[in-house]
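Student: Before we start, here is the structure in question, set down as structure tokens.
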Amino acid sequence: MMKKLITYLILLLIVSFKSFSQSELKVLAFNTPKGVFVQVGSLRDSKAEYLIERKEISFERVGILKRPNSKAELLENINKSKEIFGDDAPTAENIDQVWTKFQSNDSKTISMIEIMPQLSYVFGYSFLDKNATENKKYQYRITHGSLSKTIDFTYKKAWNYGDLNLYKTETNDKKILLWLNANTPYHYLFKFELSRKSISSNQFNKVDAVVAWNGPEKSFVLLDTTLKYNGIYNYSLKVKDVFGNIYPQQLFTKADNIPANVSFNVTKFETQSQPNVREVILNWAFANPEFIQSITLFKSREIDGKYTRLASFSPKENSWKDHIEIANELNFYRFEVIDIFNRKHQSISFKYVYDLDIPATPVSTFAIESLNQYPHLKFSSGDVHTRGFYVYRKTRENDKYLQVSDFILAKDGQGSFIDSSAAFESETLYYTVKAENDTYQKSESSEALSFKEHLSLAKLSDLEPPYDIDLKYENNHSLIYWENMNAKNPRIIAYNIYRKAANEKEPTLINKEPVVFSINSYQDTLKPTHSIYYYYLQSLDSKGNKSLLSQQQILDLNYVGNILPREVGYETMNNGIKIVWTEISSPIAKQIKIYRSENGGKPSLIGNSEPSNQQFTDTKVFKSRNYQYQISVMDVDGKERIINEILSINY
């Protein structure tokens, strides 16, 4: 006990008040469960005596303070101190060393004794007035020669150092710091009993915490260094002082030592289709599953569309069987993680196409009747998986069939279509119908039926190409939109799309089948090999007549996305230096080049990387050397673009 007190008091001498001044009397009084404890400083004179008087009506002598004259007297005082301080009383351990320094008036030892009540008492600096009555007001007068000090004091057995509260927690590696607010000048009197349990346990266990006083913040810092694992914990704190006063409330707080930057990234996402069954099995894995409380899977048909919840899982679950309503369409999956702090983390979106190739059932019944001299077609497939139909027409037996209807949604496997554009065609028309199932497969054509009752009401006129055209580049595809020319000229039932690169002389037709008039948009899935492309549109009628090409639409990919990363950084590792950079989103980025120089020398190419990558590790480096790194991006036209930022790294 003596050794611990000495160590603790050396710290207090640095952060607390200095030793009592000898030019005046310094007197402190404390409430204890057994009476008023009066502490006096400056017994530097080995033969000095202090008279202690107490006044209720008049001053009466209650005690005399003087230093012990022998080690035997000191040991007797140590034995008496147990009545006041209990387990916090000093012991005789190392007493010879302290007694020797005390007799020689060693300034550090005297200052230490004057501060700590336990030592102050056994060395004759303090007095316990056992005859004080609770809630009574007293005056105490301490006299030494010509010096005298009077203090007013009301005796209370209850705690009287103000409110305490655990007001914040911090994490340092696996250690947890608990901050206890204690706005009092008597912080050196406090004793703590800290207990801890994990949130899944019901029992608190005592923790041998390191305690330090932070003077500027007027706070105690209780440091739990005994943790071996990351997790969330509940703490219980009991506070008392060296006299045995107990703080009336037990303090509780929750704390954790989980790193703030812990990752919850999806480390694996795999899909497995079930043959001929409209289901897909999803499998996944997460980083740091021990810190995860729950996982929720969401799904959407669009990457930026509304995601709907599919199911929630525990961290140990890693599989889900998803029913696919419509095959051959994009499905996007996203995870939401709730960690053991109840914080939310959202993953990136994972794209998946359920590729199910089941042939569509052809039209089984097909009939044509006249409705106001227009052909009225009725058809059905008899298959519950039929989602709709398409109608095709030609004017001569040797002509090619062209689509004349938009997609016709099936109702109970049946559909119908009135061909109002037939009035502009020749007398005899030929029709066929194709069905489409829920996997977006088109059936074979139905039997061909002819129709002869319509009228030829309109005069043919020259076809015009679309004029109102919009060209965009989104989601790694060229998207072209145009006006519905059929609304201006019912003869126009389809369109052709042409494209050419900047170095090509003539445009090339890029759609295998004419685009039906009702769609008025086209997505070009070309992977760019040049930075600039030109697009043209052409209108078609049912007889195969074509308009002139529209005005060219220019797609300049130099302005799409960023071809250079916005930030470049590095990370030193035991086996080398990792160069990292932010995403390159330009569709014309072809290759990343990494250059390195040493000590400001000439840079040389040390590696290449795909544009989709975001890191490169240089393992051919040596300790205690300085390296400079610079990266560039080569585009599809062969132009190299160098990042101005140079990374200088001492390895």
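All residue names refer to the structure tokens as shown: chains lettered A, B, ... in order, residues numbered from 1 in each chain, ligands numbered from 1 in order.
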I'd like to know which residues of region 59-273 of chain A are helix (DSSP H, G or I) (by DSSP, run on the backbone); could you write them as an NGL selection string?
Tutor: :A and (71-88 or 95-103 or 107-115 or 117-122 or 187-189)
Student: With N, CA and C atoms retained, export the selected residues as a tab-separated table (two decimals), in the first residue's frame.
Tutor:
```tsv
chain	number	residue	atom	x	y	z
A	71	LYS	N	10.10	5.81	15.00
A	71	LYS	CA	9.46	4.91	14.05
A	71	LYS	C	8.38	4.10	14.75
A	72	ALA	N	8.59	3.79	16.04
A	72	ALA	CA	7.57	3.05	16.78
A	72	ALA	C	6.28	3.85	16.88
A	73	GLU	N	6.42	5.17	17.11
A	73	GLU	CA	5.23	6.03	17.17
A	73	GLU	C	4.54	6.09	15.81
A	74	LEU	N	5.35	6.11	14.72
A	74	LEU	CA	4.79	6.10	13.37
A	74	LEU	C	4.01	4.82	13.11
A	75	LEU	N	4.56	3.67	13.53
A	75	LEU	CA	3.88	2.40	13.32
A	75	LEU	C	2.57	2.34	14.11
A	76	GLU	N	2.57	2.96	15.31
A	76	GLU	CA	1.35	3.01	16.09
A	76	GLU	C	0.28	3.83	15.37
A	77	ASN	N	0.71	4.96	14.76
A	77	ASN	CA	-0.23	5.79	13.98
A	77	ASN	C	-0.78	5.02	12.78
A	78	ILE	N	0.08	4.23	12.12
A	78	ILE	CA	-0.37	3.42	10.98
A	78	ILE	C	-1.45	2.46	11.42
A	79	ASN	N	-1.26	1.86	12.56
A	79	ASN	CA	-2.24	0.91	13.08
A	79	ASN	C	-3.58	1.61	13.39
A	80	LYS	N	-3.52	2.85	13.95
A	80	LYS	CA	-4.74	3.60	14.25
A	80	LYS	C	-5.47	4.04	12.98
A	81	SER	N	-4.72	4.25	11.89
A	81	SER	CA	-5.31	4.79	10.66
A	81	SER	C	-6.30	3.81	10.02
A	82	LYS	N	-6.21	2.53	10.38
A	82	LYS	CA	-7.11	1.54	9.77
A	82	LYS	C	-8.56	1.82	10.14
A	83	GLU	N	-8.77	2.42	11.33
A	83	GLU	CA	-10.13	2.75	11.75
A	83	GLU	C	-10.76	3.80	10.84
A	84	ILE	N	-9.93	4.68	10.30
A	84	ILE	CA	-10.43	5.78	9.46
A	84	ILE	C	-10.51	5.37	7.99
A	85	PHE	N	-9.43	4.74	7.49
A	85	PHE	CA	-9.29	4.51	6.05
A	85	PHE	C	-9.58	3.08	5.61
A	86	GLY	N	-9.72	2.16	6.51
A	86	GLY	CA	-10.02	0.79	6.15
A	86	GLY	C	-8.97	0.20	5.23
A	87	ASP	N	-9.40	-0.37	4.10
A	87	ASP	CA	-8.47	-1.00	3.15
A	87	ASP	C	-7.52	0.00	2.51
A	88	ASP	N	-7.86	1.29	2.55
A	88	ASP	CA	-7.01	2.32	1.95
A	88	ASP	C	-5.99	2.87	2.93
A	95	ILE	N	8.48	1.23	4.96
A	95	ILE	CA	8.39	2.36	5.89
A	95	ILE	C	9.76	2.89	6.28
A	96	ASP	N	10.77	2.01	6.30
A	96	ASP	CA	12.12	2.46	6.67
A	96	ASP	C	12.62	3.52	5.70
A	97	GLN	N	12.41	3.30	4.40
A	97	GLN	CA	12.87	4.26	3.39
A	97	GLN	C	12.16	5.60	3.55
A	98	VAL	N	10.83	5.55	3.76
A	98	VAL	CA	10.06	6.79	3.90
A	98	VAL	C	10.44	7.51	5.21
A	99	TRP	N	10.61	6.76	6.29
A	99	TRP	CA	10.95	7.36	7.58
A	99	TRP	C	12.29	8.07	7.52
A	100	THR	N	13.25	7.46	6.84
A	100	THR	CA	14.58	8.08	6.72
A	100	THR	C	14.48	9.42	5.99
A	101	LYS	N	13.76	9.45	4.89
A	101	LYS	CA	13.61	10.70	4.13
A	101	LYS	C	12.81	11.73	4.91
A	102	PHE	N	11.83	11.27	5.66
A	102	PHE	CA	11.02	12.18	6.47
A	102	PHE	C	11.87	12.85	7.55
A	103	GLN	N	12.71	12.06	8.21
A	103	GLN	CA	13.55	12.63	9.26
A	103	GLN	C	14.55	13.65	8.72
A	107	SER	N	12.24	17.32	0.80
A	107	SER	CA	11.12	18.17	0.38
A	107	SER	C	10.06	17.40	-0.40
A	108	LYS	N	10.49	16.47	-1.27
A	108	LYS	CA	9.50	15.72	-2.06
A	108	LYS	C	8.68	14.80	-1.16
A	109	THR	N	9.36	14.18	-0.20
A	109	THR	CA	8.64	13.28	0.71
A	109	THR	C	7.66	14.07	1.58
A	110	ILE	N	8.09	15.22	2.11
A	110	ILE	CA	7.22	16.05	2.93
A	110	ILE	C	6.01	16.53	2.12
A	111	SER	N	6.26	16.98	0.86
A	111	SER	CA	5.15	17.45	0.01
A	111	SER	C	4.15	16.33	-0.25
A	112	MET	N	4.66	15.13	-0.47
A	112	MET	CA	3.80	13.99	-0.72
A	112	MET	C	2.95	13.69	0.52
A	113	ILE	N	3.54	13.75	1.70
A	113	ILE	CA	2.83	13.45	2.94
A	113	ILE	C	1.76	14.50	3.22
A	114	GLU	N	2.05	15.76	2.92
A	114	GLU	CA	1.11	16.84	3.19
A	114	GLU	C	-0.15	16.73	2.34
A	115	ILE	N	-0.05	16.11	1.15
A	115	ILE	CA	-1.18	16.05	0.22
A	115	ILE	C	-2.12	14.91	0.55
A	117	PRO	N	-4.24	12.30	2.51
A	117	PRO	CA	-4.78	12.22	3.88
A	117	PRO	C	-4.25	11.03	4.67
A	118	GLN	N	-4.08	9.84	4.05
A	118	GLN	CA	-3.61	8.67	4.79
A	118	GLN	C	-2.22	8.91	5.38
A	119	LEU	N	-1.31	9.46	4.54
A	119	LEU	CA	0.05	9.73	5.02
A	119	LEU	C	0.07	10.92	5.97
A	120	SER	N	-0.76	11.90	5.64
A	120	SER	CA	-0.84	13.08	6.51
A	120	SER	C	-1.22	12.68	7.94
A	121	TYR	N	-2.12	11.72	8.06
A	121	TYR	CA	-2.58	11.30	9.38
A	121	TYR	C	-1.48	10.57	10.15
A	122	VAL	N	-0.82	9.61	9.51
A	122	VAL	CA	0.15	8.80	10.25
A	122	VAL	C	1.41	9.59	10.58
A	187	HIS	N	-9.78	15.64	-6.23
A	187	HIS	CA	-9.79	14.43	-7.06
A	187	HIS	C	-8.82	13.37	-6.53
A	188	TYR	N	-7.80	13.78	-5.78
A	188	TYR	CA	-6.82	12.82	-5.29
A	188	TYR	C	-7.39	11.92	-4.18
A	189	LEU	N	-8.62	12.23	-3.72
A	189	LEU	CA	-9.25	11.42	-2.68
A	189	LEU	C	-10.02	10.23	-3.25
```
Student: Each residue of region 367-472 of chain A with at least one atom at most 9 Å from region 514-517 of chain A should appear once, together with its nearest atom pair and the corresponding distance in Å (one decimal); atoms considered: only C-alpha atoms; ordering: chain, then increasing residue number; output as a Markdown table.
Tutor:
```
| residue | atom | partner | partner_atom | distance |
| --- | --- | --- | --- | --- |
| A:Leu402 | CA | A:Pro514 | CA | 8.0 |
| A:Gln403 | CA | A:Val516 | CA | 6.4 |
| A:Val404 | CA | A:Val516 | CA | 7.2 |
| A:Ser405 | CA | A:Val516 | CA | 7.7 |
| A:Asp406 | CA | A:Val516 | CA | 7.1 |
```
Student: Generate a file of the selected residues that holds C-alpha atoms, formatted as a PDB file, in the first residue's frame.
Tutor:
```pdb
ATOM      1  CA  LEU A 402     -42.367  -6.227 -91.627  1.00  0.00           C
ATOM      2  CA  GLN A 403     -43.646  -5.643 -88.103  1.00  0.00           C
ATOM      3  CA  VAL A 404     -46.673  -3.343 -88.077  1.00  0.00           C
ATOM      4  CA  SER A 405     -47.770  -3.577 -84.446  1.00  0.00           C
ATOM      5  CA  ASP A 406     -46.265  -2.540 -81.157  1.00  0.00           C
TER       6      ASP A 406
END
```
Student: Just the residues within 9 Å of Asn135 (chain A), please, counting only C-alpha atoms, with nothing from its chain fewer than 5 positions along; format it as a PyMOL selection string.
Tutor: chain A and resi 154-157
Student: Go through A:Ile532, A:Leu164, A:Ile57, A:Met634 one by one, measure the shortest atom-to-atom distance of each to Leu564 (chain A) using only C-alpha atoms, and give the residue with the smallest value.
Tutor: A:Met634
Student: Need the shell around Val38 (chain A): protein/DNA/RNA residues with any atom at most 7 Å away, counting only C-alpha atoms. Skip same-chain ones fewer than 6 positions apart. Format as an MDAnalysis selection string?
Tutor: chainID A and resid 28:30 126:128
Student: Which one of A:Tyr473, A:Tyr307, A:Tyr167, A:Phe622 sits closest to Asn558 (chain A) if you count only C-alpha atoms?
Tutor: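 For Asn558 (chain A), the nearest of the given residues is A:Tyr473.
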Student: Could you name the residues that touch Gln293 (chain A) at 6 Å or less, counting only C-alpha atoms, but leaving out those on the same chain fewer than 5 positions away, as a list of chain:residue names?
Tutor: A:Ile338, A:Asp339, A:Ile340
Student: Keeping only N, CA and C atoms, write those residues as a compact mmCIF listing (two decimals), in the first residue's frame.
Tutor:
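This is the output file out_15.txt:
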```
# COMPACT_ATOMS: atom_id res chain seq x y z
N ILE A 338 -26.34 -4.23 -41.08
CA ILE A 338 -26.44 -3.58 -39.77
C ILE A 338 -25.34 -4.16 -38.90
N ASP A 339 -24.38 -3.32 -38.50
CA ASP A 339 -23.29 -3.85 -37.68
C ASP A 339 -23.73 -3.92 -36.22
N ILE A 340 -22.85 -4.40 -35.38
CA ILE A 340 -23.23 -4.59 -33.98
C ILE A 340 -23.35 -3.28 -33.22
```
Student: Might you pull out every residue within 9 Å of Asn245 (chain A), with only C-alpha atoms counted and same-chain residues fewer than 5 positions away left off, and present them as a PyMOL selection string?
Tutor: chain A and resi 31-33+157-160+239-240
Student: Please provide as a list in words all residues within 10 Å of Gly382 (chain A), with the sequence filter that same-chain residues fewer than 3 positions apart are discarded (counting only C-alpha atoms).
Tutor: Thr361, Pro362, Val363, Ser364, Thr365, Phe379, His385, Thr386, Asp412, Gly413 and Gln414 of chain A
Student: What is the CA of Ser219 (chain A)-CA of Phe252 (chain A) distance in Å, reported with one decimal?
Tutor: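 One can read the CA of Ser219 (chain A) to CA of Phe252 (chain A) distance as 16.4 Å.
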Student: What does the distance between CA of Lys500 (chain A) and CA of Tyr535 (chain A) come to in Å, to one decimal place?
Tutor: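 Computed distance, CA of Lys500 (chain A) to CA of Tyr535 (chain A), equals 6.7 Å.
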Student: Which residue is closest to Leu479 (chain A)? Choose from A:Thr525, A:Asn283, A:Ser421, A:Ser58 and count only C-alpha atoms.
Tutor: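 Checking each of A:Thr525, A:Asn283, A:Ser421, A:Ser58 against Leu479 (chain A), counting only C-alpha atoms, the winner is A:Thr525.
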Student: Interatomic distance between CA of Leu282 (chain A) and CA of Trp320 (chain A)?
Tutor: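 Rounded to one decimal, the two atoms are 5.2 Å apart.
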